[in-house]
>>> print(open('run22.pdb').read())   # PDB, C-alpha atoms
ATOM      1  CA  MET A1303      65.546 113.460 104.580
ATOM      2  CA  LEU A1304      68.951 114.275 106.052
ATOM      3  CA  ILE A1305      70.286 117.798 105.455
ATOM      4  CA  ILE A1306      74.078 118.182 105.379
ATOM      5  CA  GLU A1307      75.099 121.471 106.969
ATOM      6  CA  LYS A1308      78.899 121.423 106.524
ATOM      7  CA  CYS A1309      81.137 120.611 103.583
ATOM      8  CA  LEU A1310      82.964 117.326 104.054
ATOM      9  CA  VAL A1311      86.176 118.712 102.560
ATOM     10  CA  CYS A1312      86.564 122.267 103.921
ATOM     11  CA  GLY A1313      83.869 122.654 106.600
ATOM     12  CA  SER A1314      82.077 125.568 104.923
ATOM     13  CA  ASN A1315      78.311 125.918 105.355
ATOM     14  CA  GLN A1316      77.783 127.943 102.174
ATOM     15  CA  PHE A1317      76.393 125.925  99.257
ATOM     16  CA  GLU A1318      74.797 126.659  95.909
ATOM     17  CA  PRO A1319      72.682 124.517  93.550
ATOM     18  CA  PHE A1320      74.605 122.455  91.008
ATOM     19  CA  LEU A1321      72.247 119.898  89.418
ATOM     20  CA  VAL A1322      68.933 118.157  89.946
ATOM     21  CA  CYS A1323      69.253 114.478  89.005
ATOM     22  CA  LYS A1324      66.769 111.630  88.866
ATOM     23  CA  ASP A1325      67.126 108.171  90.385
ATOM     24  CA  TYR A1326      66.560 106.034  87.297
ATOM     25  CA  THR A1327      67.454 102.766  89.039
ATOM     26  CA  VAL A1328      64.909 102.410  91.852
ATOM     27  CA  SER A1329      62.637 105.238  92.945
ATOM     28  CA  GLN A1330      62.373 107.634  89.964
ATOM     29  CA  GLU A1331      62.663 110.450  92.543
ATOM     30  CA  SER A1332      64.721 113.593  91.938
ATOM     31  CA  PHE A1333      67.561 114.725  94.201
ATOM     32  CA  ASN A1334      69.601 117.912  94.492
ATOM     33  CA  ILE A1335      73.368 118.014  94.100
ATOM     34  CA  VAL A1336      74.935 121.124  95.618
ATOM     35  CA  SER A1337      78.360 122.715  95.291
ATOM     36  CA  CYS A1338      80.405 124.160  98.154
ATOM     37  CA  LYS A1339      81.006 127.861  97.498
ATOM     38  CA  SER A1340      84.394 127.671  99.182
ATOM     39  CA  CYS A1341      86.066 124.565  97.691
ATOM     40  CA  ASP A1342      83.641 123.526  94.889
ATOM     41  CA  PHE A1343      83.074 120.026  96.322
ATOM     42  CA  LYS A1344      79.826 118.471  95.045
ATOM     43  CA  PHE A1345      77.478 116.333  97.143
ATOM     44  CA  THR A1346      73.881 115.115  97.268
ATOM     45  CA  ASN A1347      71.938 117.320  99.681
ATOM     46  CA  PRO A1348      69.481 116.633 101.202
ATOM     47  CA  ARG A1349      69.718 112.857 101.085
ATOM     48  CA  PRO A1350      67.697 109.937 102.469
ATOM     49  CA  ASP A1351      68.276 109.191 106.123
ATOM     50  CA  ASN A1352      70.585 106.248 106.804
ATOM     51  CA  SER A1353      67.645 104.200 108.089
ATOM     52  CA  VAL A1354      66.006 104.193 104.639
ATOM     53  CA  LEU A1355      69.004 104.623 102.341
ATOM     54  CA  GLY A1356      69.304 100.857 101.905
ATOM     55  CA  ASN A1357      65.934 100.800 100.137
ATOM     56  CA  TYR A1358      67.508 102.668  97.207
ATOM     57  CA  TYR A1359      69.849  99.726  96.531
ATOM     58  CA  LYS A1360      67.045  97.171  96.128
ATOM     59  CA  ALA A1361      67.078  96.578  92.405
ATOM     60  CA  GLU A1362      68.213  93.562  90.399
ATOM     61  CA  SER A1363      69.915  95.964  87.999
ATOM     62  CA  TYR A1364      72.269  97.070  90.795
ATOM     63  CA  ILE A1365      74.988  94.760  89.550
ATOM     64  CA  SER A1366      77.586  95.096  92.331
ATOM     65  CA  HIS A1367      75.082  93.547  94.736
ATOM     66  CA  THR A1368      73.471  90.916  92.506
ATOM     67  CA  ASN A1369      75.839  89.816  89.703
ATOM     68  CA  SER A1370      72.810  90.033  87.415
ATOM     69  CA  LYS A1371      73.360  89.194  83.742
ATOM     70  CA  LYS A1372      69.938  90.377  82.605
ATOM     71  CA  GLY A1373      69.987  92.964  79.826
ATOM     72  CA  ILE A1374      72.666  93.782  77.290
ATOM     73  CA  ILE A1375      74.405  96.376  79.519
ATOM     74  CA  ASN A1376      74.951  93.841  82.321
ATOM     75  CA  LYS A1377      76.062  91.188  79.808
ATOM     76  CA  LEU A1378      78.677  93.568  78.389
ATOM     77  CA  TYR A1379      79.762  94.457  81.927
ATOM     78  CA  HIS A1380      80.429  90.795  82.702
ATOM     79  CA  MET A1381      82.389  90.351  79.473
ATOM     80  CA  VAL A1382      84.800  93.104  80.454
ATOM     81  CA  ARG A1383      84.968  92.359  84.177
ATOM     82  CA  SER A1384      87.303  89.350  84.029
ATOM     83  CA  HIS A1385      89.897  91.539  82.321
ATOM     84  CA  THR A1386      89.478  94.509  84.672
ATOM     85  CA  LEU A1387      89.720  92.299  87.776
ATOM     86  CA  LYS A1388      93.118  91.010  86.658
ATOM     87  CA  GLN A1389      94.219  94.577  85.906
ATOM     88  CA  LYS A1390      93.247  95.686  89.411
ATOM     89  CA  VAL A1391      95.270  92.891  91.007
ATOM     90  CA  LYS A1392      98.221  93.739  88.773
ATOM     91  CA  LEU A1393      97.972  97.411  89.794
ATOM     92  CA  ILE A1394      98.026  96.655  93.514
ATOM     93  CA  SER A1395     100.891  94.192  93.109
ATOM     94  CA  SER A1396     102.968  96.927  91.477
ATOM     95  CA  TYR A1397     102.987  98.718  94.856
ATOM     96  CA  VAL A1398     102.819  95.774  97.289
ATOM     97  CA  SER A1399     103.780  92.351  95.956
ATOM     98  CA  ARG A1400     101.710  90.267  98.402
ATOM     99  CA  GLY A1401     100.309  90.433 101.923
ATOM    100  CA  THR A1402      96.996  91.297 103.553
ATOM    101  CA  ILE A1403      94.286  93.141 101.653
ATOM    102  CA  LEU A1404      90.982  94.625 102.823
ATOM    103  CA  ASP A1405      88.382  95.365 100.161
ATOM    104  CA  TYR A1406      85.968  97.873 101.669
ATOM    105  CA  GLY A1407      82.559  97.437 100.070
ATOM    106  CA  CYS A1408      83.529  94.168  98.415
ATOM    107  CA  GLY A1409      80.113  93.517  96.852
ATOM    108  CA  THR A1410      79.840  89.934  95.621
ATOM    109  CA  GLY A1411      83.541  89.289  96.272
ATOM    110  CA  MET A1412      84.799  88.854  92.711
ATOM    111  CA  PHE A1413      87.829  91.105  93.199
ATOM    112  CA  LEU A1414      88.848  89.430  96.470
ATOM    113  CA  SER A1415      88.561  86.013  94.835
ATOM    114  CA  GLU A1416      91.000  87.150  92.159
ATOM    115  CA  CYS A1417      93.394  88.399  94.866
ATOM    116  CA  LYS A1418      93.116  85.118  96.743
ATOM    117  CA  LYS A1419      94.063  83.159  93.619
ATOM    118  CA  VAL A1420      97.455  84.878  93.490
ATOM    119  CA  GLY A1421      98.286  84.558  97.178
ATOM    120  CA  TRP A1422      96.828  87.532  99.015
ATOM    121  CA  GLU A1423      95.329  87.064 102.484
ATOM    122  CA  THR A1424      91.904  88.551 101.843
ATOM    123  CA  PHE A1425      89.322  90.348 103.980
ATOM    124  CA  GLY A1426      86.142  92.062 102.880
ATOM    125  CA  ILE A1427      83.536  94.402 104.331
ATOM    126  CA  GLU A1428      80.102  94.419 102.699
ATOM    127  CA  PRO A1429      76.963  95.738 104.442
ATOM    128  CA  ASP A1430      74.475  94.358 101.916
ATOM    129  CA  ASN A1431      73.229  90.941 103.056
ATOM    130  CA  ASN A1432      72.480  89.601  99.581
ATOM    131  CA  ALA A1433      75.858  90.594  98.161
ATOM    132  CA  ARG A1434      77.642  89.214 101.217
ATOM    133  CA  GLN A1435      75.795  85.908 100.853
ATOM    134  CA  ILE A1436      76.990  85.565  97.252
ATOM    135  CA  ALA A1437      80.542  86.463  98.299
ATOM    136  CA  SER A1438      80.496  83.970 101.184
ATOM    137  CA  GLU A1439      80.119  81.126  98.677
ATOM    138  CA  GLN A1440      83.703  81.847  97.595
ATOM    139  CA  ASN A1441      85.143  81.052 101.046
ATOM    140  CA  LEU A1442      86.243  84.612 101.835
ATOM    141  CA  ASN A1443      86.764  86.380 105.177
ATOM    142  CA  LEU A1444      83.701  88.655 105.181
ATOM    143  CA  PHE A1445      82.221  91.113 107.641
ATOM    144  CA  ALA A1446      79.135  93.325 107.614
ATOM    145  CA  ASP A1447      80.938  96.471 108.828
ATOM    146  CA  LYS A1448      84.223  97.729 110.221
ATOM    147  CA  ASP A1449      83.086  97.277 113.851
ATOM    148  CA  THR A1450      82.371  93.578 113.277
ATOM    149  CA  LEU A1451      85.719  93.184 111.526
ATOM    150  CA  GLN A1452      87.605  94.729 114.436
ATOM    151  CA  LEU A1453      85.673  92.599 116.919
ATOM    152  CA  HIS A1454      86.915  89.408 115.247
ATOM    153  CA  ILE A1455      90.260  90.579 113.760
ATOM    154  CA  VAL A1456      91.521  92.897 116.490
ATOM    155  CA  GLU A1457      95.210  93.478 115.760
ATOM    156  CA  LYS A1458      95.285  93.046 111.990
ATOM    157  CA  GLU A1459      96.852  95.727 109.791
ATOM    158  CA  TYR A1460      96.699  95.689 106.011
ATOM    159  CA  ASP A1461      99.239  96.068 103.229
ATOM    160  CA  ALA A1462      96.497  97.321 100.917
ATOM    161  CA  ILE A1463      93.000  98.720 101.416
ATOM    162  CA  THR A1464      90.847  99.091  98.325
ATOM    163  CA  LEU A1465      87.550 100.802  97.533
ATOM    164  CA  TRP A1466      86.283 100.171  94.004
ATOM    165  CA  HIS A1467      83.487 102.678  93.441
ATOM    166  CA  VAL A1468      82.616 102.673  97.135
ATOM    167  CA  LEU A1469      83.805 105.935  98.741
ATOM    168  CA  GLU A1470      81.050 107.889  96.999
ATOM    169  CA  HIS A1471      78.529 105.762  98.958
ATOM    170  CA  VAL A1472      80.065 106.118 102.441
ATOM    171  CA  THR A1473      77.799 107.746 105.034
ATOM    172  CA  ASP A1474      80.255 107.918 107.969
ATOM    173  CA  MET A1475      83.170 109.392 106.043
ATOM    174  CA  SER A1476      85.237 110.753 108.934
ATOM    175  CA  GLU A1477      85.067 107.514 110.953
ATOM    176  CA  THR A1478      85.888 105.479 107.857
ATOM    177  CA  LEU A1479      88.961 107.484 106.868
ATOM    178  CA  VAL A1480      90.252 107.415 110.463
ATOM    179  CA  PHE A1481      89.792 103.624 110.388
ATOM    180  CA  PHE A1482      91.848 103.402 107.183
ATOM    181  CA  LYS A1483      94.592 105.509 108.733
ATOM    182  CA  GLN A1484      94.757 103.210 111.752
ATOM    183  CA  LYS A1485      94.604  99.933 109.840
ATOM    184  CA  LEU A1486      96.897 100.615 106.874
ATOM    185  CA  LYS A1487     100.532  99.597 107.340
ATOM    186  CA  GLN A1488     103.044 102.403 107.137
ATOM    187  CA  LYS A1489     104.206 101.433 103.637
ATOM    188  CA  GLY A1490     100.848 100.146 102.525
ATOM    189  CA  VAL A1491      98.585 101.640  99.865
ATOM    190  CA  LEU A1492      95.036 102.949  99.995
ATOM    191  CA  ILE A1493      93.484 102.615  96.542
ATOM    192  CA  ILE A1494      90.243 104.467  95.805
ATOM    193  CA  ALA A1495      88.345 104.394  92.507
ATOM    194  CA  VAL A1496      85.491 106.862  91.996
ATOM    195  CA  PRO A1497      83.621 108.511  89.099
ATOM    196  CA  ASN A1498      84.926 111.872  87.892
ATOM    197  CA  HIS A1499      82.265 114.532  87.316
ATOM    198  CA  LYS A1500      84.718 116.660  85.315
ATOM    199  CA  SER A1501      85.165 114.034  82.603
ATOM    200  CA  TYR A1502      83.897 114.640  79.070
ATOM    201  CA  ASP A1503      81.066 112.103  79.359
ATOM    202  CA  ALA A1504      79.892 113.761  82.598
ATOM    203  CA  GLN A1505      79.839 117.157  80.888
ATOM    204  CA  PHE A1506      78.070 115.751  77.829
ATOM    205  CA  TYR A1507      75.271 113.950  79.672
ATOM    206  CA  ASN A1508      74.992 116.508  82.501
ATOM    207  CA  GLU A1509      71.994 115.633  84.725
ATOM    208  CA  TYR A1510      71.569 112.316  82.858
ATOM    209  CA  TRP A1511      75.111 111.171  83.642
ATOM    210  CA  ALA A1512      74.644 107.726  85.179
ATOM    211  CA  ALA A1513      77.586 108.055  87.568
ATOM    212  CA  TYR A1514      75.798 110.734  89.587
ATOM    213  CA  ASP A1515      73.578 107.782  90.607
ATOM    214  CA  VAL A1516      71.588 109.711  93.211
ATOM    215  CA  PRO A1517      70.837 109.104  96.013
ATOM    216  CA  ARG A1518      73.219 106.134  96.319
ATOM    217  CA  HIS A1519      76.168 108.357  95.424
ATOM    218  CA  LEU A1520      76.390 110.840  98.270
ATOM    219  CA  HIS A1521      79.680 112.471  97.214
ATOM    220  CA  HIS A1522      80.851 113.490  93.729
ATOM    221  CA  PHE A1523      84.629 113.679  93.360
ATOM    222  CA  GLU A1524      87.357 114.974  91.086
ATOM    223  CA  LEU A1525      91.107 115.334  91.640
ATOM    224  CA  LYS A1526      91.070 118.516  93.746
ATOM    225  CA  SER A1527      88.385 117.420  96.212
ATOM    226  CA  MET A1528      89.696 113.870  96.551
ATOM    227  CA  LYS A1529      93.233 115.042  97.245
ATOM    228  CA  ALA A1530      92.082 117.670  99.768
ATOM    229  CA  LEU A1531      89.782 115.287 101.630
ATOM    230  CA  LEU A1532      92.380 112.547 102.056
ATOM    231  CA  GLU A1533      95.082 115.024 103.081
ATOM    232  CA  ASN A1534      92.813 116.038 105.962
ATOM    233  CA  TYR A1535      93.260 112.508 107.316
ATOM    234  CA  GLY A1536      96.988 112.157 106.812
ATOM    235  CA  PHE A1537      97.182 110.558 103.370
ATOM    236  CA  GLN A1538      99.400 111.651 100.501
ATOM    237  CA  LEU A1539      98.407 111.150  96.854
ATOM    238  CA  ILE A1540     101.231 109.390  95.029
ATOM    239  CA  GLU A1541      99.610 108.550  91.680
ATOM    240  CA  THR A1542      96.397 108.437  89.666
ATOM    241  CA  LYS A1543      95.331 105.881  87.059
ATOM    242  CA  PRO A1544      92.450 105.918  84.552
ATOM    243  CA  MET A1545      89.588 103.407  84.332
ATOM    244  CA  LYS A1546      89.062 103.571  80.581
ATOM    245  CA  PHE A1547      86.273 101.000  80.310
ATOM    246  CA  ASP A1548      84.056 103.027  82.630
ATOM    247  CA  SER A1549      83.399 105.714  80.025
ATOM    248  CA  PHE A1550      81.653 103.125  77.820
ATOM    249  CA  TYR A1551      79.617 101.506  80.587
ATOM    250  CA  VAL A1552      78.522 104.857  82.049
ATOM    251  CA  SER A1553      77.730 106.257  78.601
ATOM    252  CA  MET A1554      75.511 103.270  77.807
ATOM    253  CA  LEU A1555      73.469 103.863  80.944
ATOM    254  CA  SER A1556      73.463 107.633  80.456
ATOM    255  CA  GLU A1557      72.256 107.335  76.879
ATOM    256  CA  LYS A1558      69.378 105.150  78.047
ATOM    257  CA  TYR A1559      68.476 107.642  80.791
ATOM    258  CA  LYS A1560      68.607 110.592  78.408
ATOM    259  CA  THR A1561      66.774 109.169  75.399
ATOM    260  CA  GLY A1562      64.851 106.197  76.757
ATOM    261  CA  ILE A1563      66.537 103.824  74.312
ATOM    262  CA  LEU A1564      69.766 101.853  74.338
ATOM    263  CA  ASN A1565      71.840 103.483  71.604
ATOM    264  CA  LEU A1566      75.062 101.475  71.745
ATOM    265  CA  ALA A1567      76.667 103.263  68.790
ATOM    266  CA  LYS A1568      76.135 106.701  70.339
ATOM    267  CA  ALA A1569      77.300 105.508  73.756
ATOM    268  CA  PHE A1570      80.453 103.988  72.254
ATOM    269  CA  LYS A1571      81.151 107.255  70.441
ATOM    270  CA  ILE A1572      80.808 109.345  73.617
ATOM    271  CA  GLY A1573      82.863 106.852  75.632
ATOM    272  CA  THR A1574      85.613 106.966  73.024
ATOM    273  CA  LEU A1575      85.566 110.758  72.904
ATOM    274  CA  SER A1576      85.744 110.910  76.683
ATOM    275  CA  ASN A1577      88.894 108.795  76.728
ATOM    276  CA  MET A1578      90.428 110.733  73.837
ATOM    277  CA  LYS A1579      89.736 114.112  75.434
ATOM    278  CA  ALA A1580      91.152 113.136  78.818
ATOM    279  CA  LYS A1581      94.251 115.269  79.302
ATOM    280  CA  ASP A1582      95.729 113.086  82.046
ATOM    281  CA  SER A1583      94.817 110.092  84.220
ATOM    282  CA  SER A1584      92.586 112.220  86.464
ATOM    283  CA  SER A1585      90.417 113.405  83.544
ATOM    284  CA  TYR A1586      88.812 110.081  82.639
ATOM    285  CA  SER A1587      85.251 108.996  83.426
ATOM    286  CA  SER A1588      86.573 107.220  86.522
ATOM    287  CA  THR A1589      89.888 107.680  88.281
ATOM    288  CA  ILE A1590      91.910 105.413  90.558
ATOM    289  CA  TYR A1591      93.724 107.323  93.314
ATOM    290  CA  ILE A1592      96.688 105.699  95.070
ATOM    291  CA  PHE A1593      97.460 107.049  98.555
ATOM    292  CA  GLN A1594      99.999 106.329 101.254
ATOM    293  CA  HIS A1595     100.602 107.691 104.739
ATOM    294  CA  LYS A1596     102.172 111.148 104.712
TER     295      LYS A1596
END
>>> encode(input="run22.pdb", output="structure tokens")
Amino acid sequence: MLIIEKCLVCGSNQFEPFLVCKDYTVSQESFNIVSCKSCDFKFTNPRPDNSVLGNYYKAESYISHTNSKKGIINKLYHMVRSHTLKQKVKLISSYVSRGTILDYGCGTGMFLSECKKVGWETFGIEPDNNARQIASEQNLNLFADKDTLQLHIVEKEYDAITLWHVLEHVTDMSETLVFFKQKLKQKGVLIIAVPNHKSYDAQFYNEYWAAYDVPRHLHHFELKSMKALLENYGFQLIETKPMKFDSFYVSMLSEKYKTGILNLAKAFKIGTLSNMKAKDSSSYSSTIYIFQHK
């Protein structure tokens, strides 16, 4: 196990226990989430070493890597996805009409395919071999990591860089954010979507909240920590947007984790309440953060 000794956001080495959560997807092991005493940032600590972390993604139910349609939750996910993909493309186009886009952690490539349809020059980074194989069938420019991308596409800069529920997984955070700073055009946008542990559904389900997703989720964000982290690397937050469908999907999984049964009515109720109780766009189950260079 890898022990993290300094806070990613503020550099403090003083932590306190926050939650103990179970990995319901793969291992059934329990993992500690701690809170920085200085800035309140939450992260999984200790965590599996990078050499074995990939083993915790090996499950057919891990939909971003498999496109599985088994089970009612995955079927519902696919029903909604076609709509949300178009909404994501529309969001990016409201800041940059067209150009080059890099999707970091592109999974099976569905989002990039949607971008390609409307004229974007698309590039994707995806470390998982199975997901990358599925994405490659859509004739996309794909790379296993940022080093391989730079080896083949040396001088390229991007009008938009996107991470859809990816930053919480990143192991080499400092190197990755420096890479984004170097590769994003001066007027380009960095768009990051992550779960929000201060949302109503997170508070309701507590240690059963599916979006903690330990140990795959290494970092657990909300507005304050996200803004502070990105400012450390020269990015300015210009806007936040909600991901309203996420409250329903996460609540369905959370309800199953908590009770052992799939109670769709209860999950829909909690998802609806979470959206209703959100005071602003950064209070929803998941938040999209839009950054530019300072």
>>> closest_atom_pairs(input="run22.pdb", of="region 1376-1492 of chain A", to="region 1342-1361 of chain A", cutoff="10 Å", atoms="all atoms listed in the file", output="tab-separated table")
residue	atom	partner	partner_atom	distance
A:Pro1429	CA	A:Gly1356	CA	9.6
A:Asp1430	CA	A:Gly1356	CA	8.3
A:Asn1432	CA	A:Lys1360	CA	9.9
A:Glu1470	CA	A:Phe1345	CA	9.2
A:Thr1473	CA	A:Asn1352	CA	7.6
A:Asp1474	CA	A:Asn1352	CA	9.9
>>> closest_atom_pairs(input="run22.pdb", of="region 1383-1438 of chain A", to="region 1579-1592 of chain A", cutoff="10 Å", atoms="all atoms listed in the file", output="Markdown table")
| residue | atom | partner | partner_atom | distance |
| --- | --- | --- | --- | --- |
| A:Lys1390 | CA | A:Ile1590 | CA | 9.9 |
| A:Leu1393 | CA | A:Ile1592 | CA | 9.9 |
| A:Ile1394 | CA | A:Ile1592 | CA | 9.3 |
| A:Tyr1397 | CA | A:Ile1592 | CA | 9.4 |
>>> closest_residue(input="run22.pdb", among="A:Val1311, A:Met1578, A:Ile1455, A:Leu1465", to="Asn1443 (chain A)", atoms="all atoms listed in the file")
A:Ile1455
>>> residues_around(input="run22.pdb", residues="His1519 (chain A)", least_positions_apart="3", cutoff="9 Å", atoms="only C-alpha atoms", output="ChimeraX atom specification")
/A:1345-1346,1468-1472,1513-1516,1522
>>> resolve_selection(input="run22.pdb", expression="the PyMOL selection byres ((chain A and resi 1405) around 8)", output="list in words")
Ile1403, Leu1404, Tyr1406, Gly1407, Cys1408, Leu1414, Thr1424, Phe1425, Gly1426, Ile1427, Ile1463, Thr1464 and Leu1465 of chain A
>>> atom_distance(input="run22.pdb", atom1="CA of Cys1323 (chain A)", atom2="CA of Asn1508 (chain A)")
8.9 Å
>>> resolve_selection(input="run22.pdb", expression="the PyMOL selection byres ((chain A and resi 1550) around 12)", output="VMD selection string")
chain A and resid 1375 1378 to 1379 1382 1502 to 1504 1511 to 1513 1545 to 1549 1551 to 1557 1565 to 1577 1586 to 1588
>>> write_last_selection(input="run22.pdb", atoms="C-alpha atoms", output="mmCIF file, in the coordinates of the input")
data_model
loop_
_atom_site.group_PDB
_atom_site.id
_atom_site.type_symbol
_atom_site.label_atom_id
_atom_site.label_comp_id
_atom_site.auth_asym_id
_atom_site.auth_seq_id
_atom_site.Cartn_x
_atom_site.Cartn_y
_atom_site.Cartn_z
ATOM 1 C CA ILE A 1375 74.405 96.376 79.519
ATOM 2 C CA LEU A 1378 78.677 93.568 78.389
ATOM 3 C CA TYR A 1379 79.762 94.457 81.927
ATOM 4 C CA VAL A 1382 84.800 93.104 80.454
ATOM 5 C CA TYR A 1502 83.897 114.640 79.070
ATOM 6 C CA ASP A 1503 81.066 112.103 79.359
ATOM 7 C CA ALA A 1504 79.892 113.761 82.598
ATOM 8 C CA TRP A 1511 75.111 111.171 83.642
ATOM 9 C CA ALA A 1512 74.644 107.726 85.179
ATOM 10 C CA ALA A 1513 77.586 108.055 87.568
ATOM 11 C CA MET A 1545 89.588 103.407 84.332
ATOM 12 C CA LYS A 1546 89.062 103.571 80.581
ATOM 13 C CA PHE A 1547 86.273 101.000 80.310
ATOM 14 C CA ASP A 1548 84.056 103.027 82.630
ATOM 15 C CA SER A 1549 83.399 105.714 80.025
ATOM 16 C CA TYR A 1551 79.617 101.506 80.587
ATOM 17 C CA VAL A 1552 78.522 104.857 82.049
ATOM 18 C CA SER A 1553 77.730 106.257 78.601
ATOM 19 C CA MET A 1554 75.511 103.270 77.807
ATOM 20 C CA LEU A 1555 73.469 103.863 80.944
ATOM 21 C CA SER A 1556 73.463 107.633 80.456
ATOM 22 C CA GLU A 1557 72.256 107.335 76.879
ATOM 23 C CA ASN A 1565 71.840 103.483 71.604
ATOM 24 C CA LEU A 1566 75.062 101.475 71.745
ATOM 25 C CA ALA A 1567 76.667 103.263 68.790
ATOM 26 C CA LYS A 1568 76.135 106.701 70.339
ATOM 27 C CA ALA A 1569 77.300 105.508 73.756
ATOM 28 C CA PHE A 1570 80.453 103.988 72.254
ATOM 29 C CA LYS A 1571 81.151 107.255 70.441
ATOM 30 C CA ILE A 1572 80.808 109.345 73.617
ATOM 31 C CA GLY A 1573 82.863 106.852 75.632
ATOM 32 C CA THR A 1574 85.613 106.966 73.024
ATOM 33 C CA LEU A 1575 85.566 110.758 72.904
ATOM 34 C CA SER A 1576 85.744 110.910 76.683
ATOM 35 C CA ASN A 1577 88.894 108.795 76.728
ATOM 36 C CA TYR A 1586 88.812 110.081 82.639
ATOM 37 C CA SER A 1587 85.251 108.996 83.426
ATOM 38 C CA SER A 1588 86.573 107.220 86.522
#
>>> atom_distance(input="run22.pdb", atom1="CA of Tyr1326 (chain A)", atom2="CA of Asn1431 (chain A)")
22.8 Å
>>> atom_distance(input="run22.pdb", atom1="CA of Ser1337 (chain A)", atom2="CA of Trp1466 (chain A)")
23.9 Å
>>> closest_residue(input="run22.pdb", among="A:Ile1436, A:Lys1485, A:Leu1310, A:Leu1479", to="Val1456 (chain A)", atoms="only C-alpha atoms")
A:Lys1485
>>> closest_residue(input="run22.pdb", among="A:Phe1506, A:Phe1537, A:Trp1422, A:Phe1481", to="Leu1451 (chain A)", atoms="all atoms listed in the file")
A:Phe1481
>>> closest_residue(input="run22.pdb", among="A:Ser1384, A:Gln1435, A:Lys1324, A:Ile1306", to="Lys1560 (chain A)", atoms="all atoms listed in the file")
A:Lys1324
>>> closest_residue(input="run22.pdb", among="A:Glu1416, A:Glu1477, A:Glu1307, A:Glu1509", to="Asp1449 (chain A)", atoms="all atoms listed in the file")
A:Glu1477
>>> resolve_selection(input="run22.pdb", expression="the PyMOL selection byres ((chain A and resi 1320-1322) around 6)", output="ChimeraX atom specification")
/A:1319,1323,1333-1337
